[in-house]
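Engineer: Handing you this structure, nothing more for now.
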Amino acid sequence: VLSERKLLGEQARLNRNAGYWQLATPAQPDFFFGNLLLPDQAPLQREAWEARFDAAFAGHPGVQHRTLLWAMEDEDCAARYQPWLDAGYQYMETVALLLTRDSLRPTRLPAGYTLRPLASDDDWQQWASLLAASRDPGHNEASYRRFLGGLKQRYQQLDHNGHGHIWGVFADTQLMACAGLFAWQSLGRFQMVATAPQARRLGLASGLVSALAEWGLARVPRLVIVADAHYHAIDLYRKLGFVHASREASLCWWPRPAETA
């Protein structure tokens, strides 16, 4: 989260309260993991934490979700948060993985593909469509595209300020895979790695992340990527040389389409 806050820059506000931190990104209220609470310990009492969240974000009318994120405890598992799940929350475990120059085991993109930063309006439209198609089915497409619009503005500002790029793997002019990498001071962070359904299992994601890693490690000594602890991409990252750094758990609730109708 602290590495993500660096990417949020001056947009983000980090405030300390009794028992938790609050991260707020007023410019992008629909960013679930840019507007959240970070409890010091696992949040076991749902109603008390909902009240804390609502009070903390009372001055942010655009925040319609609730997100809590904390350092994972040994006993954490989905069953521990059944009352939250019954109330419509999504429980997720994520792993932060680190990469250094010494640990990188590079691989190359398959022949016939071009790797370059996104530049044109068409590039960014394809990026939004690829990510929208890859979204969690619980997210309404229209609201998710609004979220992507805010991300695009933030990424383009980071690019303009010289921190990095969103890259695409193209077959001719067709975007097949994408990922971001932004670096500052001594750390770089990957963003939104995705591959088009028709291009999966071709080695595009491995080649893309590897190429970005070489770019990033020429500028900073360490890179971090955060991924779903139970997603198959974890194996891809480990084969490239990423090593375990930390583990976090989160609970997130957002209005589903039926609830906003």
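Ligands are numbered from 1 in the order shown, residues from 1 within each chain, and chains are lettered A, B, ... in the order they appear in the structure tokens.
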Name the residues of stretch 11-226 of chain A that come out as alpha helix (DSSP H) in a backbone DSSP run; write them as a PyMOL selection string.
Structural biologist: chain A and resi 46-56+82-86+121-133+141-160+204-217
Engineer: Env of stretch 148-162 of chain A: 10 Å cut, atoms = only C-alpha atoms, seq-sep filter 6 positions within chain, self excluded. Answer as a ChimeraX atom specification.
Structural biologist: /A:7-9,11,27-31,117-119,124-125,127-129,131-132,142,180-184,191
Engineer: Could you save the residues just selected, with N, CA, C and O atoms, as a compact mmCIF listing (two decimals), in the first residue's frame?
Structural biologist:
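The resulting file, result_4.txt, is reproduced below:
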```txt
# COMPACT_ATOMS: atom_id res chain seq x y z
N LEU A 7 2.76 6.13 -5.88
CA LEU A 7 2.25 6.33 -7.23
C LEU A 7 1.07 7.30 -7.24
O LEU A 7 0.86 8.02 -8.21
N LEU A 8 0.31 7.31 -6.16
CA LEU A 8 -0.81 8.24 -6.09
C LEU A 8 -0.34 9.68 -5.90
O LEU A 8 -1.04 10.62 -6.25
N GLY A 9 0.87 9.80 -5.33
CA GLY A 9 1.48 11.12 -5.20
C GLY A 9 0.67 12.07 -4.35
O GLY A 9 0.11 11.70 -3.31
N GLN A 11 -2.14 13.27 -4.83
CA GLN A 11 -3.57 13.01 -4.78
C GLN A 11 -3.98 12.34 -3.47
O GLN A 11 -5.10 12.46 -3.03
N ALA A 27 -9.50 12.53 -5.54
CA ALA A 27 -9.66 12.74 -6.99
C ALA A 27 -10.20 11.51 -7.70
O ALA A 27 -10.69 11.61 -8.82
N GLN A 28 -10.12 10.35 -7.05
CA GLN A 28 -10.62 9.13 -7.67
C GLN A 28 -11.39 8.31 -6.63
O GLN A 28 -10.95 7.28 -6.15
N PRO A 29 -12.60 8.76 -6.28
CA PRO A 29 -13.35 8.12 -5.19
C PRO A 29 -13.77 6.68 -5.49
O PRO A 29 -14.04 5.91 -4.56
N ASP A 30 -13.82 6.28 -6.78
CA ASP A 30 -14.21 4.92 -7.12
C ASP A 30 -13.02 3.97 -7.18
O ASP A 30 -13.16 2.83 -7.61
N PHE A 31 -11.85 4.41 -6.71
CA PHE A 31 -10.67 3.55 -6.63
C PHE A 31 -10.73 2.82 -5.29
O PHE A 31 -10.42 3.37 -4.25
N PRO A 117 5.65 1.54 -25.29
CA PRO A 117 4.71 2.25 -24.43
C PRO A 117 3.45 2.64 -25.19
O PRO A 117 3.50 2.92 -26.39
N LEU A 118 2.33 2.69 -24.49
CA LEU A 118 1.10 3.19 -25.10
C LEU A 118 1.28 4.67 -25.42
O LEU A 118 1.88 5.41 -24.65
N ALA A 119 0.74 5.07 -26.57
CA ALA A 119 0.92 6.47 -26.99
C ALA A 119 -0.35 7.09 -27.54
O ALA A 119 -0.78 8.14 -27.09
N TRP A 124 -4.80 3.56 -25.99
CA TRP A 124 -5.46 3.63 -24.68
C TRP A 124 -6.88 3.07 -24.72
O TRP A 124 -7.33 2.47 -23.73
N GLN A 125 -7.57 3.22 -25.83
CA GLN A 125 -8.91 2.61 -25.96
C GLN A 125 -8.80 1.09 -25.93
O GLN A 125 -9.61 0.41 -25.28
N TRP A 127 -6.40 -0.58 -24.49
CA TRP A 127 -6.02 -0.90 -23.10
C TRP A 127 -7.25 -0.99 -22.21
O TRP A 127 -7.42 -1.95 -21.45
N ALA A 128 -8.13 0.02 -22.31
CA ALA A 128 -9.34 0.02 -21.48
C ALA A 128 -10.24 -1.17 -21.81
O ALA A 128 -10.81 -1.80 -20.92
N SER A 129 -10.36 -1.50 -23.09
CA SER A 129 -11.21 -2.62 -23.49
C SER A 129 -10.64 -3.95 -23.00
O SER A 129 -11.38 -4.83 -22.55
N LEU A 131 -8.68 -4.47 -20.35
CA LEU A 131 -8.85 -4.57 -18.90
C LEU A 131 -10.31 -4.74 -18.52
O LEU A 131 -10.63 -5.48 -17.59
N ALA A 132 -11.21 -4.06 -19.22
CA ALA A 132 -12.64 -4.21 -18.92
C ALA A 132 -13.09 -5.64 -19.17
O ALA A 132 -13.90 -6.20 -18.43
N ALA A 142 -19.70 -0.35 -16.93
CA ALA A 142 -19.69 1.11 -17.05
C ALA A 142 -18.92 1.75 -15.89
O ALA A 142 -18.10 2.65 -16.10
N GLY A 180 2.06 -1.99 -16.60
CA GLY A 180 2.73 -0.74 -16.29
C GLY A 180 3.90 -0.98 -15.37
O GLY A 180 3.94 -1.97 -14.63
N LEU A 181 4.86 -0.08 -15.41
CA LEU A 181 5.93 -0.06 -14.42
C LEU A 181 6.33 1.39 -14.21
O LEU A 181 6.66 2.10 -15.17
N PHE A 182 6.25 1.82 -12.95
CA PHE A 182 6.62 3.18 -12.58
C PHE A 182 7.65 3.12 -11.46
O PHE A 182 7.51 2.33 -10.52
N ALA A 183 8.69 3.94 -11.58
CA ALA A 183 9.80 3.90 -10.63
C ALA A 183 10.03 5.27 -10.02
O ALA A 183 9.81 6.29 -10.67
N TRP A 184 10.47 5.29 -8.78
CA TRP A 184 10.83 6.53 -8.10
C TRP A 184 11.81 6.15 -6.99
O TRP A 184 11.75 5.05 -6.44
N GLN A 191 2.06 -2.44 -12.54
CA GLN A 191 0.65 -2.10 -12.50
C GLN A 191 -0.12 -2.89 -13.56
O GLN A 191 0.30 -2.97 -14.73
```
Engineer: I'd like to know which residues of stretch 33-189 of chain A are strand (DSSP E or B) (by DSSP, run on the backbone); could you write them as an MDAnalysis selection string?
Structural biologist: chainID A and resid 36:39 66:71 90:100 114:117 164:171 174:184 187:189
Engineer: To one decimal in Å, tell me the separation between atom CA of A:Ala211 and atom CA of A:Ser120.
Structural biologist: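 Computed distance, atom CA of A:Ala211 to atom CA of A:Ser120, equals 21.1 Å.
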Engineer: In terms of the shortest atom-to-atom distance over only C-alpha atoms, which of A:Gly138, A:Trp215, A:Leu236, A:Leu130 is closest to A:Met192?
Structural biologist: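 Of the candidates, the smallest distance to A:Met192 is held by A:Leu130.
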Engineer: Do you know which residues are at most 7 Å from stretch 91-95 of chain A counting only C-alpha atoms, after dropping those on the same chain fewer than 3 positions away, and could you put them as a ChimeraX atom specification?
Structural biologist: /A:78,226-229,246-252
Engineer: Write a file of the selected residues as a PDB file, in the first residue's frame, keeping N, CA and C atoms.
Structural biologist:
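What follows is the written file again25.pdb:
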```pdb
ATOM      1  N   ALA A  78     -10.802 -17.344   4.430  1.00  0.00           N
ATOM      2  CA  ALA A  78     -12.139 -16.821   4.122  1.00  0.00           C
ATOM      3  C   ALA A  78     -13.147 -17.166   5.225  1.00  0.00           C
ATOM      4  N   VAL A 226       2.352  -6.866  -6.897  1.00  0.00           N
ATOM      5  CA  VAL A 226       1.362  -7.372  -5.947  1.00  0.00           C
ATOM      6  C   VAL A 226       0.332  -8.183  -6.729  1.00  0.00           C
ATOM      7  N   ALA A 227       0.075  -9.406  -6.274  1.00  0.00           N
ATOM      8  CA  ALA A 227      -0.802 -10.305  -7.017  1.00  0.00           C
ATOM      9  C   ALA A 227      -1.671 -11.110  -6.063  1.00  0.00           C
ATOM     10  N   ASP A 228      -2.789 -11.575  -6.585  1.00  0.00           N
ATOM     11  CA  ASP A 228      -3.673 -12.487  -5.856  1.00  0.00           C
ATOM     12  C   ASP A 228      -2.859 -13.716  -5.453  1.00  0.00           C
ATOM     13  N   ALA A 229      -2.879 -14.024  -4.161  1.00  0.00           N
ATOM     14  CA  ALA A 229      -2.059 -15.124  -3.653  1.00  0.00           C
ATOM     15  C   ALA A 229      -2.431 -16.471  -4.262  1.00  0.00           C
ATOM     16  N   SER A 246       5.858  -9.965   1.398  1.00  0.00           N
ATOM     17  CA  SER A 246       4.840  -9.803   2.437  1.00  0.00           C
ATOM     18  C   SER A 246       3.515 -10.351   1.926  1.00  0.00           C
ATOM     19  N   ARG A 247       2.584 -10.479   2.858  1.00  0.00           N
ATOM     20  CA  ARG A 247       1.272 -11.036   2.519  1.00  0.00           C
ATOM     21  C   ARG A 247       0.199 -10.187   3.199  1.00  0.00           C
ATOM     22  N   GLU A 248      -0.820  -9.822   2.452  1.00  0.00           N
ATOM     23  CA  GLU A 248      -1.902  -8.999   2.993  1.00  0.00           C
ATOM     24  C   GLU A 248      -3.252  -9.635   2.692  1.00  0.00           C
ATOM     25  N   ALA A 249      -4.229  -9.290   3.503  1.00  0.00           N
ATOM     26  CA  ALA A 249      -5.605  -9.728   3.285  1.00  0.00           C
ATOM     27  C   ALA A 249      -6.484  -8.487   3.202  1.00  0.00           C
ATOM     28  N   SER A 250      -7.583  -8.619   2.481  1.00  0.00           N
ATOM     29  CA  SER A 250      -8.489  -7.477   2.345  1.00  0.00           C
ATOM     30  C   SER A 250      -9.931  -7.940   2.308  1.00  0.00           C
ATOM     31  N   LEU A 251     -10.802  -7.026   2.675  1.00  0.00           N
ATOM     32  CA  LEU A 251     -12.247  -7.196   2.550  1.00  0.00           C
ATOM     33  C   LEU A 251     -12.778  -5.986   1.805  1.00  0.00           C
ATOM     34  N   CYS A 252     -13.586  -6.235   0.801  1.00  0.00           N
ATOM     35  CA  CYS A 252     -14.110  -5.129   0.004  1.00  0.00           C
ATOM     36  C   CYS A 252     -15.577  -5.373  -0.323  1.00  0.00           C
TER      37      CYS A 252
END
```
Engineer: Could you jot down the atom CA of A:Asp76 to atom CA of A:Phe33 separation for me, Å, one decimal place?
Structural biologist: 19.7 Å
Engineer: Mind giving me the straight-line distance from atom CA of A:Glu73 to atom CA of A:Pro39 in Å, one decimal?
Structural biologist: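 Going from atom CA of A:Glu73 over to atom CA of A:Pro39 covers 12.1 Å.
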Engineer: Would you pick out the contacts of A:Tyr81 at 10 Å or less, using only C-alpha atoms, so that residues sharing its chain but fewer than 2 positions from it are not included, and give the list as number ranges by chain?
Structural biologist: A: 42-46, 76-79, 83-86, 89-91, 251
Engineer: Counting only C-alpha atoms, what is within 8 Å of A:Gly203, bar same-chain residues fewer than 3 positions away, as a ChimeraX atom specification?
Structural biologist: /A:109-110,200,206-207
Engineer: For stretch 50-65 of chain A, please output as a ChimeraX atom specification all residues within 8 Å (counting only C-alpha atoms; exclusion window: fewer than 2 positions along the same chain).
Structural biologist: /A:22,26,29-30,32,35-37,46-48,67,252-255
Engineer: List the neighbours of A:Gly112 out to 10 Å using only C-alpha atoms; skip same-chain residues closer than 6 positions along the sequence, and give me the result as a PDB file with all heavy atoms, in the first residue's frame.
Structural biologist:
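Ended up saving to part_24.pdb:
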```
ATOM      1  N   PHE A 170       2.041  -5.740 -28.946  1.00  0.00           N
ATOM      2  CA  PHE A 170       1.169  -5.598 -30.107  1.00  0.00           C
ATOM      3  C   PHE A 170       1.484  -6.644 -31.165  1.00  0.00           C
ATOM      4  O   PHE A 170       2.645  -6.969 -31.412  1.00  0.00           O
ATOM      5  CB  PHE A 170       1.332  -4.211 -30.737  1.00  0.00           C
ATOM      6  CG  PHE A 170       0.838  -3.081 -29.883  1.00  0.00           C
ATOM      7  CD1 PHE A 170       1.653  -2.515 -28.897  1.00  0.00           C
ATOM      8  CD2 PHE A 170      -0.449  -2.570 -30.058  1.00  0.00           C
ATOM      9  CE1 PHE A 170       1.197  -1.468 -28.118  1.00  0.00           C
ATOM     10  CE2 PHE A 170      -0.912  -1.528 -29.274  1.00  0.00           C
ATOM     11  CZ  PHE A 170      -0.084  -0.974 -28.294  1.00  0.00           C
ATOM     12  N   ALA A 171       0.428  -7.155 -31.791  1.00  0.00           N
ATOM     13  CA  ALA A 171       0.529  -7.915 -33.031  1.00  0.00           C
ATOM     14  C   ALA A 171       0.020  -6.975 -34.115  1.00  0.00           C
ATOM     15  O   ALA A 171      -1.187  -6.701 -34.185  1.00  0.00           O
ATOM     16  CB  ALA A 171      -0.317  -9.188 -32.965  1.00  0.00           C
ATOM     17  N   ASP A 172       0.933  -6.444 -34.896  1.00  0.00           N
ATOM     18  CA  ASP A 172       0.616  -5.324 -35.792  1.00  0.00           C
ATOM     19  C   ASP A 172       0.106  -4.162 -34.929  1.00  0.00           C
ATOM     20  O   ASP A 172       0.839  -3.675 -34.088  1.00  0.00           O
ATOM     21  CB  ASP A 172      -0.383  -5.755 -36.870  1.00  0.00           C
ATOM     22  CG  ASP A 172       0.220  -6.773 -37.823  1.00  0.00           C
ATOM     23  OD1 ASP A 172       1.429  -6.662 -38.115  1.00  0.00           O
ATOM     24  OD2 ASP A 172      -0.500  -7.684 -38.254  1.00  0.00           O
TER      25      ASP A 172
END
```
Engineer: Pick out the closest residue to A:Gln126 from this set: A:Phe190, A:Trp21, A:Tyr237, A:Trp167. Count only C-alpha atoms.
Structural biologist: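 Looking at the shortest contact to A:Gln126, the residue is A:Trp167.
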Engineer: So, counting only C-alpha atoms, which residue among A:Gln198, A:Thr107, A:Gln185, A:Ser143 is closest to A:His163?
Structural biologist: A:Gln185
Engineer: Which residue gives the smallest distance to A:Thr114 among A:Ala96, A:Leu208, A:Ala218, A:Ala199, with only C-alpha atoms counted?
Structural biologist: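 Nearest candidate to A:Thr114 out of A:Ala96, A:Leu208, A:Ala218, A:Ala199: A:Leu208.
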Engineer: Using only C-alpha atoms, which residue out of A:Gly168, A:Arg16, A:Ala87, A:Ser186 lies closest to A:Asp123?
Structural biologist: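 Once distances to A:Asp123 are computed over only C-alpha atoms, the minimum belongs to A:Gly168.
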